[in-house]
Every structure is written in structure tokens, then in C-alpha cells.
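A short write-up of the structure that comes next.
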Amino acid sequence: MESAENPSIQYSVNSPDSTSDSEEDRSAGHTYEQALIRTGYGRFHYKLLFLCGWAVASDSIEVLCVSFLLPSAECDLKLTSIDKGWLNAIIFVGMMVGGYVWGALADIQGRRAILMFSLALNGLAALASSCSQTFWLFLLLRFFSGVGVGGSVPVIFSYFVEFQPKDRRGRMISLLATFWMGGNIIAAGLAWAVIPHKGLGYFSPEFTYDSWRIFIALCTIPSLTSALAFVLMPESPKFLLMKGNDQEALKILNSIYLSTHKDLAGYEVKQLLAAKDDDREESDLVLLQRQGPCSRGCARAQISFKKYLLKTKKLFTRPLARSTVTLIFIQSSLAFGYYGLFLWFPELFKRMEEHGGSACDAALYVGNKTVPLIPSNQTCGAPPDANVFFEGFLTAISTLPSNIFAILVMDKIGAKIILVISMGISGLSVFFIWLVKNKTQGIIMSCIFSGISNAGWSALDVLSVECFPTDVRSTAMGTGLLMARIAAILGNLAFGALVDAQCAVPMLLVAALLCAGGFATLILPNKRMQEID
């Protein structure tokens, strides 16, 4: 969105520590939060919600889509069980790398540009993977797609929250998080509509482009269109203020006001209080002049790397260290429990269906023998049962009630309380898995666990952006998500290693970590209805 500037308005900046300004001039200055409130809330903010939400949905689709294509891709790519495990894990490996690298770059280079690059990488790598005829090339391209996903997730929330006034912040972040559920539903719906139709596509001895590849190509539309849409959006004014570009921040705020009020002279913010000195950064020009005999490109690389390290160091020093470590533990606990258990539900319930009893009784009955992933009466390459996709659709839609609940009460009771309740109930619900005896009960159990856990993810999104200042917000979210991805990988490996011999061990570990993460939430500061730094 281009910044609309009224030529009759003269912008100026006051420093909160300035002694040269008169008291009358000082009284006319506004903090960033005050300036946000005076822009009003209208068309721009709803467009922002839709575009950021579409980007969140695109990330959700990329994370989930591999789970739907595995049965169909097994013969085409000659997949072993180990290969399937790598395909499930590689998206998290890519997200682990991308979350930290892109998050830190967004705190250095800006939110909007990094969003466009990471979304484009996600879409283009995924689109290229649909053409791959070999497993290792497919795996490599899915890794790069994961790097893109890992970059856009933390940056989207940082970008979005910096346009939100404090009285709407929790509700709007919860509403943005709801688009993750929307992405799950889109992925399940596309899989249901496309993959079972084996006649779709192009077939030749040298090159095959069948229904599951078409499914992957369709899944890239949200990420690629999101990357293009952000060309029309402005940079975060909060980020510009932190970088010392106060004039441009004021122009963007004025353009938001004009899009809401259509009043060419009504925006009362003419002066903006500058960020605190310790929150403002030296310009790259000043830093470049200090680099000595080094090329400009070399100097810029050195500057970015130094800023990258300094921002990470700041997260682990006072006063941010306690919040950083606590949030990393909470995110890791939730990721270990959710992705570790949730992605294994289909396998556990399949074993129950085949052998009877509870999930762990079935696993103990099987012992150390490997259970086939494809039933013996199903031939390789046969169209997967459409019921598989319908069950995935039911699980995705089950998160709707918890999302609505989070939107309605987030600003009223606060993200801390919601996260404590969600993780505590999720941990306790794991114990009821032993009572599940058939596939129907299993689907109900997976929907309950998914729905309750989803409220925790929404609350965690709010806390993650509220607990850190603007200059390290994306770095903090990227670091937390990096550790969460490691936990998700470990959760899947733990279940894979123990589910046959000691099924109770990973179950109890999930329950303990979820409950511990809920209690750890009480340590975090309460930022509800407060101005973000």
C-alpha cells in the first residue's frame, strides 16, 4: 500500500528526553501507541488481517500436505518407512533453520521484505518439488520449502501485532491464528478432492505428473499469492521508528488514518515521540563508515552478522532472559506433545482397529515386530481411501470452537490463563487414550486433543509477541520456533522408538511436559492491555 501523505501536514519528531523543546511542543507529541489509537480501526486493518491470515494459512498447508500424499507417493518415489519418516521430519528441519535466520533478518532488514522472500521461497520450492521424480530431490526441495515456512511464521505475527492497538491486540492475534486452522481445512479439502482421482495428470515413461503432484502444486497458490500481495503493503511503522526513520513511520500512520476516515486534515498526530535511545539503532551508513578497508558488500555482510549475534545475545541477558528461557520451554513442551502425539494418532488407532484393546495394549500385543503401514489387502499405488481425508477434515474443523473461544476471551482474561488451562487439560487428556477401544472413539479423542491444544497455540502466539521489544521480537519468535521444531522432531523420534516396546513411556512424557509447560506460564510477565515496547 502506498503511503498517502497530505502535503499540508508537517511532520516532526520529539525525543522524550529532549530539553530544547518547549512544554507546549512536548504536549503535542504522541507515543506510538497513542498514534495507533488515533489512526482509528477500519478498512486497512481488515485487509491486513486477511493478507496476513492468508500467509498463515499457506504455512499451515505446507506443514500438513505431506501427510496426505505419502500413501500415493510411496510407489512413485519408492519410499521405505525410513524415507516416510524423513519426509515427515524434513519440514520441521527446514522450519528450524528458517525460523531463526529469517526472524533475525526481519529485525535487521525489515518485516515486509523478509515476508515476501520467505513466502516466495516456500511456494517456489514446493512447486518445484511437485515435478521431482526422485526421492532425494523431492526431500531437498521440501527442506527449502520448510525454510520458507519457518521464516514467514514468526515474521507474520511480529508484523501484524505492530499495527494493533493494545485494546484489540489479543483478540486480533487470536483471530489471525485461526487462519492456521483454515489452512488445515483447505489442505484436507484439496486432498479429498484431488488425490483419490488417479486418472488426473500426465503420464509417460520419463515423466509422471499425477494427482498427488497436482495436489502439491495447488497447495503453493496461497504462499505465492501472499508473496505478491505484500508488495502492496507498507513496512511496519513500529520497526521504522525503532530504526530511527520517524518521518516514514508518520507517513504510513497518516495513510492508515486516511484509508479509515477519508479526512485530508483530520489526523491530529503531527509529532511522534522517538523511541528510547537504547531501542534505536545506529544507521547502516554510520556503521559502514567504521568498517575500514572492506568492500561495501563485505561491510554490509559483517554488519548484518554482528547485529544478528547482538540480537540473540540480548534475548539471553537481563531483563529478557527469563522470558526467553521460559517461552522456549513452553513452546518446546507444547510442540513435543502436540506433534509427537498428534501425528501418531492414525498409527495408534490403526493398531487398535487391527488388534483390539487400547492403543498401548495393541502395541504391546504386536511386540517388537513392525506393523505394516499399508494393509495386506491393499496393493501398492491403489487410490487411498477417501475416508482418510474426511477424517483429516474432521480433525481440522474440530479446532474451530477453541479458536472462537480464544478470540472472544483473549483480551478479557488474558493469554496466560488460557495457556495454563489449555496445556493442563491437554496433559490430563493424554491419560484417557488408554480408554479408547475403537476407531470412532479414536477420532473423537484426536478431535478433543487437537481442539484443546489449539487454544494453547493461540495464547502462545499472543504471549510470544507481547513479551519482547520491537528490535528483537522476530528474533525471539524465530528462536522459540527453532527450539519447538527440534522438540517436534524429538517427539516423533521418541514415539517411533518406544511405541512398540514401551508405549506408556512417551505417553507419560507428553502428559508431564504439557502440564509442566502450563505451570511455567505463570512465570511470564502479564502484558495484557499494556503498550508493547
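Just so we're on the same page: first chain in the C-alpha cells is A, next is B, and so on; residues restart at 1 for each chain, and ligands are numbered from 1 in the order they show up.
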
Within 12 Å of A:Ile173, counting only C-alpha atoms, which residues qualify if same-chain residues fewer than 4 places away don't, as a ChimeraX atom specification?
/A:48-49,52-53,56,156-169,177-180,403,406-408,410-411,415,457-466

Write out as a ChimeraX atom specification the residues lying within 8 Å of stretch 65-68 of chain A, counting only C-alpha atoms and excluding same-chain residues fewer than 3 positions away.
/A:61-62,71,87-88,187-188,191,216,219,389

Between atom CA of A:Leu141 and atom CA of A:Ala73, measure the distance and give it in Å to one decimal.
15.2 Å

Among stretch 63-254 of chain A, which ones does DSSP place in strand (DSSP E), written as a ChimeraX atom specification?
/A:202-203,208-209

Can you tell me which residues surround A:Trp102 at a distance of at most 9 Å, considering only C-alpha atoms, apart from same-chain residues fewer than 2 positions away, and format the answer as a list of chain:residue names?
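Final neighbour list, sorted by chain and number: A:Val97, A:Gly98, A:Gly99, A:Tyr100, A:Ala104, A:Leu105, A:Ala106, A:Asp107, A:Ile114, A:Leu115, A:Ser118, A:Val147, A:Gly148, A:Gly150, A:Gly151, A:Ser152, A:Pro154, A:Val155, A:Ser474, A:Thr475, A:Gly478.
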
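Shortest separation to A:Thr395 among A:Thr324, A:Asn184, A:Ser255, A:Ser426 occurs at residue A:Asn184, atoms counted being only C-alpha atoms.
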
Which residue out of A:Asp59, A:Leu522, A:Tyr339, A:Val409 has the minimum interatomic distance to A:Ala494 when only C-alpha atoms are used?
A:Tyr339

Would you work out the distance separating atom CA of A:Phe215 from atom CA of A:Ile195, expressed in Å to one decimal?
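Value for the atom CA of A:Phe215-atom CA of A:Ile195 distance: 6.6 Å.
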
Go through stretch 189-244 of chain A and collect every residue that DSSP, computed from the backbone, puts in helix (DSSP H, G or I); the answer should be as an MDAnalysis selection string.
chainID A and resid 189:194 211:219 221:232 237:242

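Considering the residues A:Ala321, A:Ile214, A:Ala193, A:Met483 and counting only C-alpha atoms, A:Ser129 has its shortest atom-to-atom contact with A:Ile214.
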
Determine, counting only C-alpha atoms, which protein, DNA and RNA residues have an atom within 6 Å of an atom of A:Ser223; residues of the same chain fewer than 2 positions away are not included. Present the result as an MDAnalysis selection string.
chainID A and resid 58 119 123 220:221 225:226
